[in-house]
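S.K.: This is the structure I want to talk about, given as structure tokens.
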Amino acid sequence: MDFFILGNPRSGTTLLRLLLNAHSCIGVPPECGMIQWWHSTYKAWGADEHLLAQDFLGDILRSKKIEDWHINPADITNILEADYTYAEVFDAIYRQYTGKPIIGDKNNYYIHHLHTLKHIYPKAKYIHLVRDGRDVACSYLQLQHLNQELKYIPKVSNNIERIAGEWDANVSKIDNFLESENALVIRYEDVLSDTKKTLQLVCAFLGTAFEPDMLSYYTNNNEPESTLHWKTKVLEPLDTRNFNKFKTVLSESELDLFHAVAGNTLKKYNYVT
């Protein structure tokens, strides 16, 4: 794996995935955490003769959200029959799926498995996308108005203090992990306000050049239908006004509470002075 996109939920990581996926040389498939899920079982793949391809194939095909990939089992079988390590198996799966030379992965829950990622792919790069936590809170609250029985709808808090604590902890956890890693940190708001410049930075970080077609990401519709109920904006041109929602959504007391919990992290990313 060449790179991973990291971020707190509802921070624009899907938007970044789609922007990058619109590049002719960069491929980031829909969310599916199979790389981490099966590591404990198959990490010795290629060295332990007791691990069977039939079992590995079956587990890959029952991975959460893998149905959105529409994978041909025969293609996976061919990969498993090659002389690959665990990491190389998933490299091959991702490259075959995307058909592109630079491959990445985006799963917000990787926040809790950062060292596993590093163990599997010690040379991988990381892109940390940060969004104003107060707007993240607005997004969390908005999710409460959707049908909570939707298959993959994110299960998030509607309590401002808990949201602030989660955002602060997640951003800080990624920050601490990336201190010694090959990483790029960008803000969601900069993706909106200066899209081309921000994507130029990201592309240079990944060893390629910006392509204008990236800005037309929404015409490709690379987001699975199973998640579109809460990601409708990915079907539209970039909404450059999609920030500072907290000014009209959150009350003064809610903002005071958020600042009390996560004020230092807000300051670190220049969201408050």
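In the structure tokens, chains take the letters A, B, ... in the order shown, each chain's residues start at 1, and ligands count up from 1 in the order shown.
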Just the alpha helix (DSSP H) stuff from segment 18-253 of chain A, please, per backbone DSSP, written as a ChimeraX atom specification.

M.R.: /A:18-21,34-37,39-42,53-61,73-80,86-98,114-120,133-143,160-178,188-193,195-205,246-249,252-253

S.K.: Kindly export the residues of the current selection with C-alpha atoms, as a tab-separated table (two decimals), in the first residue's frame.

M.R.:
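Just written: out.tsv:
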```
chain	number	residue	atom	x	y	z
A	18	LEU	CA	-12.91	10.65	-4.63
A	19	LEU	CA	-10.75	13.62	-5.62
A	20	LEU	CA	-7.69	11.38	-5.65
A	21	ASN	CA	-9.53	8.56	-7.37
A	34	MET	CA	-10.04	-6.25	5.22
A	35	ILE	CA	-6.34	-5.41	5.45
A	36	GLN	CA	-6.60	-4.98	9.22
A	37	TRP	CA	-9.42	-7.45	9.86
A	39	HIS	CA	-4.09	-9.68	9.72
A	40	SER	CA	-4.18	-11.63	12.98
A	41	THR	CA	-5.32	-14.75	11.13
A	42	TYR	CA	-3.22	-14.62	7.97
A	53	ALA	CA	-6.13	-20.25	0.12
A	54	GLN	CA	-9.73	-21.45	0.27
A	55	ASP	CA	-10.09	-20.15	3.83
A	56	PHE	CA	-8.40	-16.84	3.02
A	57	LEU	CA	-10.61	-16.35	-0.04
A	58	GLY	CA	-13.74	-17.07	1.98
A	59	ASP	CA	-12.78	-14.57	4.65
A	60	ILE	CA	-11.94	-11.86	2.12
A	61	LEU	CA	-15.31	-12.34	0.43
A	73	PRO	CA	-13.58	-14.58	-6.73
A	74	ALA	CA	-11.46	-16.09	-9.51
A	75	ASP	CA	-9.29	-12.97	-9.56
A	76	ILE	CA	-8.63	-13.28	-5.82
A	77	THR	CA	-7.90	-16.99	-6.21
A	78	ASN	CA	-5.23	-16.22	-8.81
A	79	ILE	CA	-3.63	-13.72	-6.44
A	80	LEU	CA	-3.65	-16.17	-3.54
A	86	TYR	CA	0.17	-10.93	3.38
A	87	ALA	CA	0.88	-7.32	2.43
A	88	GLU	CA	1.53	-8.24	-1.20
A	89	VAL	CA	-1.80	-10.08	-1.44
A	90	PHE	CA	-3.71	-6.90	-0.66
A	91	ASP	CA	-1.43	-4.79	-2.82
A	92	ALA	CA	-2.33	-7.07	-5.71
A	93	ILE	CA	-6.05	-6.95	-4.91
A	94	TYR	CA	-6.04	-3.15	-4.75
A	95	ARG	CA	-3.99	-2.75	-7.92
A	96	GLN	CA	-6.22	-5.15	-9.81
A	97	TYR	CA	-9.34	-3.39	-8.58
A	98	THR	CA	-8.15	0.13	-9.39
A	114	LEU	CA	-2.40	2.69	13.33
A	115	HIS	CA	0.44	0.52	14.54
A	116	THR	CA	-1.00	-2.49	12.73
A	117	LEU	CA	-0.92	-0.50	9.50
A	118	LYS	CA	2.67	0.46	10.17
A	119	HIS	CA	3.60	-3.17	10.83
A	120	ILE	CA	2.00	-4.38	7.59
A	133	GLY	CA	-14.31	19.83	15.15
A	134	ARG	CA	-17.28	22.11	15.62
A	135	ASP	CA	-18.41	21.42	12.06
A	136	VAL	CA	-17.75	17.73	12.66
A	137	ALA	CA	-20.19	18.04	15.56
A	138	CYS	CA	-22.77	19.57	13.23
A	139	SER	CA	-22.35	16.65	10.86
A	140	TYR	CA	-22.73	14.16	13.70
A	141	LEU	CA	-25.96	15.86	14.77
A	142	GLN	CA	-27.27	15.89	11.20
A	143	LEU	CA	-26.84	12.12	10.99
A	160	ILE	CA	-21.53	17.78	22.30
A	161	GLU	CA	-19.12	17.02	25.13
A	162	ARG	CA	-18.61	13.47	23.88
A	163	ILE	CA	-18.21	14.60	20.29
A	164	ALA	CA	-15.61	17.17	21.33
A	165	GLY	CA	-13.74	14.57	23.36
A	166	GLU	CA	-13.80	12.04	20.53
A	167	TRP	CA	-12.64	14.56	17.93
A	168	ASP	CA	-9.86	15.84	20.20
A	169	ALA	CA	-8.69	12.31	21.04
A	170	ASN	CA	-8.78	11.06	17.45
A	171	VAL	CA	-6.96	14.04	15.96
A	172	SER	CA	-4.36	13.92	18.73
A	173	LYS	CA	-3.88	10.17	18.35
A	174	ILE	CA	-3.18	10.52	14.64
A	175	ASP	CA	-0.92	13.51	15.27
A	176	ASN	CA	1.16	11.59	17.80
A	177	PHE	CA	1.45	8.58	15.50
A	178	LEU	CA	2.51	10.67	12.53
A	188	TYR	CA	-10.67	20.14	4.99
A	189	GLU	CA	-11.31	23.87	4.81
A	190	ASP	CA	-8.23	24.31	2.59
A	191	VAL	CA	-9.50	21.59	0.27
A	192	LEU	CA	-12.63	23.72	-0.13
A	193	SER	CA	-11.08	27.18	-0.35
A	195	THR	CA	-8.68	23.04	-3.97
A	196	LYS	CA	-6.11	23.08	-6.73
A	197	LYS	CA	-3.22	24.18	-4.52
A	198	THR	CA	-4.10	21.62	-1.85
A	199	LEU	CA	-4.37	18.81	-4.39
A	200	GLN	CA	-1.06	19.87	-5.90
A	201	LEU	CA	0.52	19.40	-2.47
A	202	VAL	CA	-1.10	15.99	-2.07
A	203	CYS	CA	-0.11	14.83	-5.54
A	204	ALA	CA	3.48	15.98	-5.06
A	205	PHE	CA	3.56	14.11	-1.75
A	246	PHE	CA	-21.39	25.64	13.70
A	247	LYS	CA	-22.09	29.38	13.71
A	248	THR	CA	-25.75	28.76	12.95
A	249	VAL	CA	-26.21	25.19	14.21
A	252	GLU	CA	-23.34	29.52	22.52
A	253	SER	CA	-23.37	27.10	25.44
```

S.K.: As a list in words, please: every residue in segment 2-179 of chain A that DSSP puts in strand (DSSP E).

M.R.: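 Taking segment 2-179 of chain A and keeping strand (DSSP E) only, one gets Phe3, Phe4, Ile5, Leu6, Ile26, Gly27, Ile102, Ile103, Gly104, Asp105, Lys106, Lys125, Tyr126, Ile127, His128, Leu129 and Val130 of chain A.
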
S.K.: Could you pull the residues within 10 Å of segment 100-102 of chain A, counting only C-alpha atoms, minus those fewer than 5 positions along the same chain, as a PDB file with N, CA and C atoms, in the first residue's frame?

M.R.:
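Final output, saved to part.pdb:
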```
ATOM      1  N   MET A   1       0.850  -1.184   0.000  1.00  0.00           N
ATOM      2  CA  MET A   1       0.000   0.000   0.000  1.00  0.00           C
ATOM      3  C   MET A   1       0.888   1.237   0.000  1.00  0.00           C
ATOM      4  N   ASP A   2       0.585   2.156  -0.907  1.00  0.00           N
ATOM      5  CA  ASP A   2       1.420   3.349  -1.010  1.00  0.00           C
ATOM      6  C   ASP A   2       1.062   4.400   0.034  1.00  0.00           C
ATOM      7  N   PHE A   3      -0.228   4.528   0.352  1.00  0.00           N
ATOM      8  CA  PHE A   3      -0.609   5.549   1.330  1.00  0.00           C
ATOM      9  C   PHE A   3      -1.953   5.218   1.963  1.00  0.00           C
ATOM     10  N   ASN A  21      -9.144   9.652  -6.488  1.00  0.00           N
ATOM     11  CA  ASN A  21      -9.532   8.560  -7.372  1.00  0.00           C
ATOM     12  C   ASN A  21      -9.788   9.044  -8.793  1.00  0.00           C
ATOM     13  N   HIS A  23      -7.845  10.899 -10.358  1.00  0.00           N
ATOM     14  CA  HIS A  23      -6.516  11.013 -10.984  1.00  0.00           C
ATOM     15  C   HIS A  23      -6.237   9.735 -11.771  1.00  0.00           C
ATOM     16  N   SER A  24      -5.611   9.878 -12.908  1.00  0.00           N
ATOM     17  CA  SER A  24      -5.376   8.722 -13.780  1.00  0.00           C
ATOM     18  C   SER A  24      -4.397   7.716 -13.199  1.00  0.00           C
ATOM     19  N   CYS A  25      -3.595   8.135 -12.205  1.00  0.00           N
ATOM     20  CA  CYS A  25      -2.571   7.243 -11.647  1.00  0.00           C
ATOM     21  C   CYS A  25      -2.824   6.849 -10.196  1.00  0.00           C
ATOM     22  N   ILE A  26      -3.892   7.365  -9.584  1.00  0.00           N
ATOM     23  CA  ILE A  26      -4.150   7.110  -8.163  1.00  0.00           C
ATOM     24  C   ILE A  26      -5.469   6.365  -8.002  1.00  0.00           C
ATOM     25  N   GLY A  27      -5.435   5.280  -7.239  1.00  0.00           N
ATOM     26  CA  GLY A  27      -6.644   4.510  -6.992  1.00  0.00           C
ATOM     27  C   GLY A  27      -6.873   4.284  -5.511  1.00  0.00           C
ATOM     28  N   VAL A  28      -8.050   4.670  -5.039  1.00  0.00           N
ATOM     29  CA  VAL A  28      -8.435   4.444  -3.643  1.00  0.00           C
ATOM     30  C   VAL A  28      -9.829   3.816  -3.648  1.00  0.00           C
ATOM     31  N   TYR A  94      -5.751  -4.564  -4.539  1.00  0.00           N
ATOM     32  CA  TYR A  94      -6.040  -3.148  -4.749  1.00  0.00           C
ATOM     33  C   TYR A  94      -5.612  -2.695  -6.139  1.00  0.00           C
ATOM     34  N   ARG A  95      -4.464  -3.164  -6.589  1.00  0.00           N
ATOM     35  CA  ARG A  95      -3.994  -2.754  -7.917  1.00  0.00           C
ATOM     36  C   ARG A  95      -4.893  -3.330  -9.008  1.00  0.00           C
ATOM     37  N   LEU A 206       2.592  12.332  -3.100  1.00  0.00           N
ATOM     38  CA  LEU A 206       2.441  10.959  -3.580  1.00  0.00           C
ATOM     39  C   LEU A 206       3.317  10.658  -4.790  1.00  0.00           C
ATOM     40  N   GLY A 207       4.081  11.657  -5.242  1.00  0.00           N
ATOM     41  CA  GLY A 207       5.025  11.428  -6.328  1.00  0.00           C
ATOM     42  C   GLY A 207       4.438  11.534  -7.715  1.00  0.00           C
ATOM     43  N   THR A 208       3.396  12.345  -7.864  1.00  0.00           N
ATOM     44  CA  THR A 208       2.802  12.537  -9.179  1.00  0.00           C
ATOM     45  C   THR A 208       2.377  13.994  -9.317  1.00  0.00           C
TER      46      THR A 208
END
```

S.K.: Of the candidates A:Glu49, A:Asp83, A:Glu67, A:Asp105, which shows the shortest atom-to-atom distance to Leu16 of chain A, using only C-alpha atoms?

M.R.: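 Selected residue with least distance to Leu16 of chain A: A:Asp105.
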
S.K.: Using only C-alpha atoms, which of A:Trp38, A:Trp69, A:Tyr110, A:Tyr84 sits nearest Leu6 of chain A?

M.R.: A:Tyr110

S.K.: Pick the closest to Arg241 of chain A from A:His50, A:Asn264, A:Asp194, A:Glu181: which is it, counting only C-alpha atoms?

M.R.: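 Ranking A:His50, A:Asn264, A:Asp194, A:Glu181 by distance to Arg241 of chain A, first place goes to A:Asp194.
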
S.K.: Mind checking which residues fall within 8 Å of Glu31 of chain A, counting only C-alpha atoms, ignoring those fewer than 6 positions away in the same chain, and posting them as number ranges by chain?

M.R.: A: 65, 105-107

S.K.: Compare A:Ala44, A:Arg17, A:Asp132, A:Asp68 by their minimum atom-to-atom distance to Asn270 of chain A, counting only C-alpha atoms, and give me the closest one.

M.R.: A:Asp132

S.K.: Please measure the separation of atom CA of Tyr269 of chain A and atom CA of Lys125 of chain A, giving the value in Å to one decimal.

M.R.: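 A separation of 21.0 Å between them.
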